[in-house]
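A.B. asks: This is the structure I want to talk about, given as C-alpha cells.
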Amino acid sequence: MSMQSVASTAYAFTPPKRNSLTHIPGDEGWPIIGKTLEVLADPKGHVEVNSARYGLCYRSHLFGETSIVMLGPEANELVMFDQAKQFSSELGWGRILGLLFPRGLMLRDFEEHRLHRRALSVAFKSEPMKSYFTELDKGIAERVAQWKAKPGEMLIYPAMKQLTLDLAATSFLGANIGPEVDEINRAFVDMVAAAVAPIRKPLPGTQMARGVKGRKRIIAYFAEQIPIRRARGGGDDLFSQLCHATHEDGALLSEQDIIDHMSFLMMAAHDTLTSSLTSFVGELAAHPEWQQKLRDEVAALGIAPGQPTSLDHLNAMPLSEMAFKEALRLKPPVPSMPRRAVRDFSFRSYKIPAGTMVGVNPLFTHHMPEIWPAPDTFDPMRFTDEAQRGRHRFAWVPFGGGAHMCLGLHFAYMQAKCFARHFVQNLDVSLPPGYRPEWQMWPIPKPRDGLRVVVKPV
C-alpha cells in the first residue's frame, strides 16, 4: 500500500457532555482542577481507593477533562489489543507529548501506525541488534568499572540516567558522532523534562520553553545529517538504519518522519529504561539473596569480568530476566496509559460515548492481589513458566500490548541483562542502614531523592 493513500489519523472529536457520563459512578472533585492534584500526589493510592469505592470502571476529572478509568486485565486487553479499532493513542497521548514529540510512533493510529511500525522494524532486526549490543556491552562495562573504582554511597538514578543517555546516543546515533553528542544529549534531557512539566505553554523561562528550544536543536541536527547518512550508505546505528528504511511501496521514509521517529524513540529508550534499571538496582539492594542468585548465574557463564558479553550469554540468564520483570511489575515505567474513544463502546455493562478520554492503569493491574499474592513483595519466581501459565495475558503489561506494544521490547531486555551481568559480577549493592527510598510514581517512576545505595567491589 502506498503511503500516499494513508492519511494521518485526524478524527474530529468533541468531548462528550458531562451528563452523558453521569451514569458511571465516580467523583470529579473540584471545579477545573478535578482530581488532578490527588492523582499527582499518590497515583497508586488514589486509584486503589477509587476502585474499592466504585469498582473497576469509574468516572474522574483529570487535567481539565472528565475521563473514565478502566482497570484490570480485561480493560487492558480491550484498550490495548483493540481489535475493533475503537481507541486512538494519538488523541490520548497528544496532550502530553504532542508539542515535543509530535508524530512519533505512539502518536499514530491504525493503518498509518501499522505502516510506520513496519518501516521502523528494520532497525530492530537481528543484525542491527547485534551491532547495538556490541556498543552497549562496551559502554556498560566501562561505566560499571568507573563505579567500582569509587566505592561508597552513590545516587543511582542520576548515574543511571547518564548511562542510558550515553548508550542511547551511541546505539541510535553511532559511536563516532563527535563533539555534538553532549549538546544533543542536553537537548533531549530538556525535551523529556518538558514533556511532563506542569506549564504546558513555552512561556519564557519555563521548562516547556527549554524543551521546545531543544526540539529545534534536534530537528536541525537530524535534518543536516539525513542526506549525509543517505549518501554515505551503510551504518549500523539506528539513525542510519532509518535513513534507508522504506515503506511497503519502496518509498524511503520522509525526512520529517525520520526526525519525528528518532526524537520519540530516543526519548522512549532513555527515560523508561532509566526508571526500570533504577528500580531493578533498588530491588537487588533491598534483597541481597536475589542479588547473590544473579551473581551465581553470571558466574556460571564462565566469563571473566573484563571479557565481552555475547548474546548467547544473555540467553543463559533466566533468573536475571525474571528479576527484571518483577521490578517492572512493581514499578511499570508507564504506570497509566491514555486513549480517546473514537466510537461508542461498552465496558463492564457501562455504555461510553465516542470522544471520551479513557485511561488504563498497569500500576493497578500489577498490584491486584487476586492475580499477584502479596503484591508489594519482590518475588521474581512469579515469572517462572509454571507460575505464568494460566495468568491473563494482559495481567502484566509494562510494555503495553497489541499494535502499540513497545517496539524496543527486546532492546530493553538485552540492555537490562547486559547491565545485570556487569553490575552483579563487579559490584555488591546495598541500601544505607535505616534508609527507605520514596518513589514518585507518575508520569514515569523515579526515586524522589535519587535513590541512595552503597556499592563496593565484589
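Going by the C-alpha cells order, chains are called A, B, ..., each with residues numbered from 1, while ligands are numbered from 1 in the order shown.
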Near range 320-327 of chain A, counting only C-alpha atoms, which residues have an atom at most 8 Å away, once you skip same-chain residues fewer than 3 positions from it, shown as a PyMOL selection string?
C.D. replies: chain A and resi 276+279-280+283+294+297+317+330-332+378-384+413+416-417+420
A.B. asks: Quick one: residues within 10 Å of Phe264 in chain A, only C-alpha atoms counted, chain neighbours fewer than 4 positions away excluded, as JSON, numbers by chain?
C.D. replies: {"A": [97, 100, 101, 102, 103, 104, 105, 106, 107, 188, 192, 258, 259, 260, 268, 269, 270]}
A.B. asks: With a distance cut-off of 9 Å and only C-alpha atoms, select the neighbouring residues of His116 in chain A, excluding the residue or stretch itself and same-chain residues fewer than 4 positions from it, and output the selection as a PyMOL selection string.
C.D. replies: chain A and resi 105+108+111-112+120-121+247+253+257
A.B. asks: Put those residues in a file: N, CA and C atoms, as an mmCIF file, in the first residue's frame.
C.D. replies:
```
data_model
loop_
_atom_site.group_PDB
_atom_site.id
_atom_site.type_symbol
_atom_site.label_atom_id
_atom_site.label_comp_id
_atom_site.auth_asym_id
_atom_site.auth_seq_id
_atom_site.Cartn_x
_atom_site.Cartn_y
_atom_site.Cartn_z
ATOM 1 N N LEU A 105 5.886 7.268 16.907
ATOM 2 C CA LEU A 105 5.106 6.066 16.600
ATOM 3 C C LEU A 105 3.883 5.947 17.503
ATOM 4 N N ARG A 108 0.546 7.846 16.390
ATOM 5 C CA ARG A 108 -0.065 7.469 15.115
ATOM 6 C C ARG A 108 -1.015 6.309 15.380
ATOM 7 N N GLU A 111 -3.994 2.100 10.499
ATOM 8 C CA GLU A 111 -3.228 1.709 9.321
ATOM 9 C C GLU A 111 -1.958 2.540 9.173
ATOM 10 N N GLU A 112 -2.042 3.825 9.463
ATOM 11 C CA GLU A 112 -0.831 4.648 9.390
ATOM 12 C C GLU A 112 0.203 4.146 10.393
ATOM 13 N N LEU A 120 9.827 0.958 10.587
ATOM 14 C CA LEU A 120 10.808 1.128 11.659
ATOM 15 C C LEU A 120 11.369 -0.204 12.148
ATOM 16 N N SER A 121 10.622 -1.288 11.952
ATOM 17 C CA SER A 121 11.043 -2.572 12.499
ATOM 18 C C SER A 121 12.369 -3.044 11.926
ATOM 19 N N HIS A 247 8.978 2.120 3.038
ATOM 20 C CA HIS A 247 7.618 1.651 3.226
ATOM 21 C C HIS A 247 7.367 0.462 2.297
ATOM 22 N N LEU A 253 11.379 6.571 3.948
ATOM 23 C CA LEU A 253 10.723 7.432 4.923
ATOM 24 C C LEU A 253 11.062 8.888 4.619
ATOM 25 N N ASP A 257 9.497 12.380 8.801
ATOM 26 C CA ASP A 257 9.149 11.158 9.526
ATOM 27 C C ASP A 257 10.353 10.636 10.307
#
```
A.B. asks: Quick one: pick out all strand (DSSP E) residues within range 68-227 of chain A from a backbone DSSP run and write them as a list in words.
C.D. replies: Ile68, Val69, Met70, Phe87, Ser88, Gly152, Glu153, Met154 and Leu155 of chain A
A.B. asks: Can you list every residue of range 391-410 of chain A that has an atom at most 9 Å from range 334-354 of chain A, with its nearest atom pair and the distance in Å to one decimal, using only C-alpha atoms, ordered by chain then number, as JSON lines?
C.D. replies:
```
{"residue": "A:Pro398", "atom": "CA", "partner": "A:Val334", "partner_atom": "CA", "distance": 6.7}
{"residue": "A:Phe399", "atom": "CA", "partner": "A:Val334", "partner_atom": "CA", "distance": 7.9}
{"residue": "A:Gly400", "atom": "CA", "partner": "A:Val334", "partner_atom": "CA", "distance": 8.4}
```
A.B. asks: For a quick check of understanding, using only C-alpha atoms, which of A:Gly205, A:Pro179, A:Pro318, A:Gly402 has the smallest distance to Asp385 in chain A?
C.D. replies: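 Among the listed residues, A:Pro318 lies closest to Asp385 in chain A.
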A.B. asks: Show which residues sit within 8 Å of Val454 in chain A, as number ranges by chain. Count only C-alpha atoms, and ignore same-chain residues fewer than 6 positions away.
C.D. replies: A: 151-154, 429-432
A.B. asks: Restricting the calculation to only C-alpha atoms, which member of A:Tyr58, A:Phe411, A:Tyr435, A:Phe63 is positioned closest to Lys125 in chain A?
C.D. replies: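 Checking each of A:Tyr58, A:Phe411, A:Tyr435, A:Phe63 against Lys125 in chain A, counting only C-alpha atoms, the winner is A:Phe411.
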A.B. asks: Please run DSSP on the backbone and report, as a PyMOL selection string, all residues within range 101-188 of chain A that come out as helix (DSSP H, G or I).
C.D. replies: chain A and resi 105-107+110-124+126-148+156-173+180-188
A.B. asks: Using only C-alpha atoms, which protein or nucleic acid residues come within 7 Å of range 40-45 of chain A? Drop anything in the same chain fewer than 5 positions from it, and give the result as JSON, numbers by chain.
C.D. replies: {"A": [363, 364, 441, 442]}
A.B. asks: For the atom pair CA of Ser20 in chain A and CA of Pro362 in chain A, what is the interatomic distance in Å to one decimal place?
C.D. replies: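 CA of Pro362 in chain A lies 26.7 Å from CA of Ser20 in chain A.
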A.B. asks: Just checking: using only C-alpha atoms, which residue out of A:Lys130, A:Arg200, A:Lys161, A:Arg118 ends up closest to His410 in chain A?
C.D. replies: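 Once distances to His410 in chain A are computed over only C-alpha atoms, the minimum belongs to A:Lys130.
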A.B. asks: Which distance in Å separates CA of Met160 in chain A and CA of Gly408 in chain A, to one decimal?
C.D. replies: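 Computed distance, CA of Met160 in chain A to CA of Gly408 in chain A, equals 18.4 Å.
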A.B. asks: Restricting the calculation to only C-alpha atoms: of A:Arg393, A:His23, A:Lys213, A:Arg421, which residue gets closest to Ala304 in chain A?
C.D. replies: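 Result for the nearest residue to Ala304 in chain A: A:Arg421.
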A.B. asks: I want to know what sits within 9 Å of range 24-27 of chain A, based on only C-alpha atoms, with residues of the same chain fewer than 6 positions away left out; could you give that as a PyMOL selection string?
C.D. replies: chain A and resi 34-35+50+53-55+57-61+68+350-352
A.B. asks: For the atom pair CA of Gly450 in chain A and CA of Gln207 in chain A, what is the interatomic distance in Å to one decimal place?
C.D. replies: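 A separation of 20.1 Å between them.
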A.B. asks: Applying 8 Å and only C-alpha atoms, which residues near Met70 in chain A remain after dropping the ones on its own chain fewer than 2 positions away? List them as a ChimeraX atom specification.
C.D. replies: /A:56-58,68,72,75-76,358-361
A.B. asks: Dump all heavy atoms for the selected residues as a PDB file, in the first residue's frame?
C.D. replies:
```pdb
ATOM      1  N   LEU A  56     -14.215  -1.364  39.029  1.00  0.00           N
ATOM      2  CA  LEU A  56     -13.134  -1.346  38.040  1.00  0.00           C
ATOM      3  C   LEU A  56     -13.406  -0.422  36.859  1.00  0.00           C
ATOM      4  O   LEU A  56     -12.648  -0.415  35.887  1.00  0.00           O
ATOM      5  CB  LEU A  56     -12.870  -2.771  37.538  1.00  0.00           C
ATOM      6  CG  LEU A  56     -12.397  -3.760  38.601  1.00  0.00           C
ATOM      7  CD1 LEU A  56     -12.142  -5.127  37.976  1.00  0.00           C
ATOM      8  CD2 LEU A  56     -11.132  -3.262  39.305  1.00  0.00           C
ATOM      9  N   CYS A  57     -14.470   0.353  36.944  1.00  0.00           N
ATOM     10  CA  CYS A  57     -14.750   1.379  35.926  1.00  0.00           C
ATOM     11  C   CYS A  57     -15.378   2.561  36.650  1.00  0.00           C
ATOM     12  O   CYS A  57     -16.442   2.416  37.260  1.00  0.00           O
ATOM     13  CB  CYS A  57     -15.689   0.834  34.851  1.00  0.00           C
ATOM     14  SG  CYS A  57     -16.074   2.002  33.526  1.00  0.00           S
ATOM     15  N   TYR A  58     -14.690   3.699  36.629  1.00  0.00           N
ATOM     16  CA  TYR A  58     -15.242   4.851  37.346  1.00  0.00           C
ATOM     17  C   TYR A  58     -14.920   6.150  36.609  1.00  0.00           C
ATOM     18  O   TYR A  58     -14.027   6.213  35.757  1.00  0.00           O
ATOM     19  CB  TYR A  58     -14.751   4.898  38.795  1.00  0.00           C
ATOM     20  CG  TYR A  58     -13.267   5.113  38.986  1.00  0.00           C
ATOM     21  CD1 TYR A  58     -12.730   6.407  39.042  1.00  0.00           C
ATOM     22  CD2 TYR A  58     -12.395   4.037  39.153  1.00  0.00           C
ATOM     23  CE1 TYR A  58     -11.373   6.606  39.236  1.00  0.00           C
ATOM     24  CE2 TYR A  58     -11.038   4.224  39.347  1.00  0.00           C
ATOM     25  CZ  TYR A  58     -10.521   5.515  39.396  1.00  0.00           C
ATOM     26  OH  TYR A  58      -9.181   5.706  39.590  1.00  0.00           O
ATOM     27  N   ILE A  68     -12.753   8.510  31.961  1.00  0.00           N
ATOM     28  CA  ILE A  68     -13.182   7.230  32.517  1.00  0.00           C
ATOM     29  C   ILE A  68     -11.947   6.365  32.747  1.00  0.00           C
ATOM     30  O   ILE A  68     -11.136   6.160  31.828  1.00  0.00           O
ATOM     31  CB  ILE A  68     -14.165   6.510  31.577  1.00  0.00           C
ATOM     32  CG1 ILE A  68     -15.397   7.385  31.320  1.00  0.00           C
ATOM     33  CG2 ILE A  68     -14.568   5.160  32.172  1.00  0.00           C
ATOM     34  CD1 ILE A  68     -16.170   7.781  32.555  1.00  0.00           C
ATOM     35  N   GLY A  72      -7.867  -3.339  35.413  1.00  0.00           N
ATOM     36  CA  GLY A  72      -7.769  -4.785  35.367  1.00  0.00           C
ATOM     37  C   GLY A  72      -7.352  -5.322  34.009  1.00  0.00           C
ATOM     38  O   GLY A  72      -7.318  -4.592  33.011  1.00  0.00           O
ATOM     39  N   ALA A  75      -9.733  -4.739  30.997  1.00  0.00           N
ATOM     40  CA  ALA A  75      -9.671  -3.367  30.478  1.00  0.00           C
ATOM     41  C   ALA A  75      -8.414  -3.183  29.628  1.00  0.00           C
ATOM     42  O   ALA A  75      -8.457  -2.574  28.550  1.00  0.00           O
ATOM     43  CB  ALA A  75      -9.684  -2.366  31.630  1.00  0.00           C
ATOM     44  N   ASN A  76      -7.287  -3.714  30.109  1.00  0.00           N
ATOM     45  CA  ASN A  76      -6.040  -3.611  29.344  1.00  0.00           C
ATOM     46  C   ASN A  76      -6.192  -4.262  27.972  1.00  0.00           C
ATOM     47  O   ASN A  76      -5.754  -3.714  26.958  1.00  0.00           O
ATOM     48  CB  ASN A  76      -4.892  -4.298  30.099  1.00  0.00           C
ATOM     49  CG  ASN A  76      -4.576  -3.630  31.415  1.00  0.00           C
ATOM     50  OD1 ASN A  76      -4.905  -2.465  31.630  1.00  0.00           O
ATOM     51  ND2 ASN A  76      -3.942  -4.367  32.313  1.00  0.00           N
ATOM     52  N   VAL A 358     -10.216   8.006  27.983  1.00  0.00           N
ATOM     53  CA  VAL A 358     -10.183   6.850  28.871  1.00  0.00           C
ATOM     54  C   VAL A 358      -8.739   6.551  29.247  1.00  0.00           C
ATOM     55  O   VAL A 358      -7.803   6.940  28.546  1.00  0.00           O
ATOM     56  CB  VAL A 358     -10.830   5.601  28.216  1.00  0.00           C
ATOM     57  CG1 VAL A 358     -12.274   5.892  27.819  1.00  0.00           C
ATOM     58  CG2 VAL A 358     -10.028   5.131  27.013  1.00  0.00           C
ATOM     59  N   GLY A 359      -8.577   5.870  30.372  1.00  0.00           N
ATOM     60  CA  GLY A 359      -7.231   5.502  30.795  1.00  0.00           C
ATOM     61  C   GLY A 359      -7.219   4.111  31.385  1.00  0.00           C
ATOM     62  O   GLY A 359      -8.149   3.728  32.101  1.00  0.00           O
ATOM     63  N   VAL A 360      -6.184   3.340  31.074  1.00  0.00           N
ATOM     64  CA  VAL A 360      -5.946   2.061  31.738  1.00  0.00           C
ATOM     65  C   VAL A 360      -4.716   2.230  32.618  1.00  0.00           C
ATOM     66  O   VAL A 360      -3.934   3.168  32.449  1.00  0.00           O
ATOM     67  CB  VAL A 360      -5.753   0.904  30.733  1.00  0.00           C
ATOM     68  CG1 VAL A 360      -7.056   0.617  30.007  1.00  0.00           C
ATOM     69  CG2 VAL A 360      -4.634   1.203  29.733  1.00  0.00           C
ATOM     70  N   ASN A 361      -4.529   1.315  33.564  1.00  0.00           N
ATOM     71  CA  ASN A 361      -3.552   1.540  34.619  1.00  0.00           C
ATOM     72  C   ASN A 361      -2.735   0.286  34.918  1.00  0.00           C
ATOM     73  O   ASN A 361      -3.115  -0.513  35.785  1.00  0.00           O
ATOM     74  CB  ASN A 361      -4.285   2.022  35.873  1.00  0.00           C
ATOM     75  CG  ASN A 361      -3.366   2.686  36.871  1.00  0.00           C
ATOM     76  OD1 ASN A 361      -2.543   2.020  37.479  1.00  0.00           O
ATOM     77  ND2 ASN A 361      -3.508   3.992  37.034  1.00  0.00           N
TER      78      ASN A 361
END
```
A.B. asks: Can you write out as JSON lines which residues of range 68-149 of chain A fall within 10 Å of range 307-313 of chain A, alongside each residue's closest atom pair and its distance in Å to one decimal, counting only C-alpha atoms and ordering rows by chain and ascending residue number?
C.D. replies:
```
{"residue": "A:Met129", "atom": "CA", "partner": "A:Leu311", "partner_atom": "CA", "distance": 9.9}
{"residue": "A:Lys130", "atom": "CA", "partner": "A:Leu311", "partner_atom": "CA", "distance": 7.9}
{"residue": "A:Phe133", "atom": "CA", "partner": "A:Leu311", "partner_atom": "CA", "distance": 8.1}
{"residue": "A:Thr134", "atom": "CA", "partner": "A:Pro308", "partner_atom": "CA", "distance": 8.3}
{"residue": "A:Leu136", "atom": "CA", "partner": "A:Thr309", "partner_atom": "CA", "distance": 9.9}
{"residue": "A:Asp137", "atom": "CA", "partner": "A:Thr309", "partner_atom": "CA", "distance": 6.5}
{"residue": "A:Lys138", "atom": "CA", "partner": "A:Pro308", "partner_atom": "CA", "distance": 7.3}
{"residue": "A:Ala141", "atom": "CA", "partner": "A:Pro308", "partner_atom": "CA", "distance": 8.4}
```
A.B. asks: Hey, which of A:Ile371, A:Ala145, A:Leu99, A:Ala299 ends up closest to Phe394 in chain A? Count only C-alpha atoms.
C.D. replies: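 With only C-alpha atoms as the atom set, the closest residue is A:Ile371.
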A.B. asks: Find, counting only C-alpha atoms, the residue in A:Val39, A:Val458, A:Leu427, A:Ala193 that gets nearest to Met208 in chain A.
C.D. replies: A:Ala193
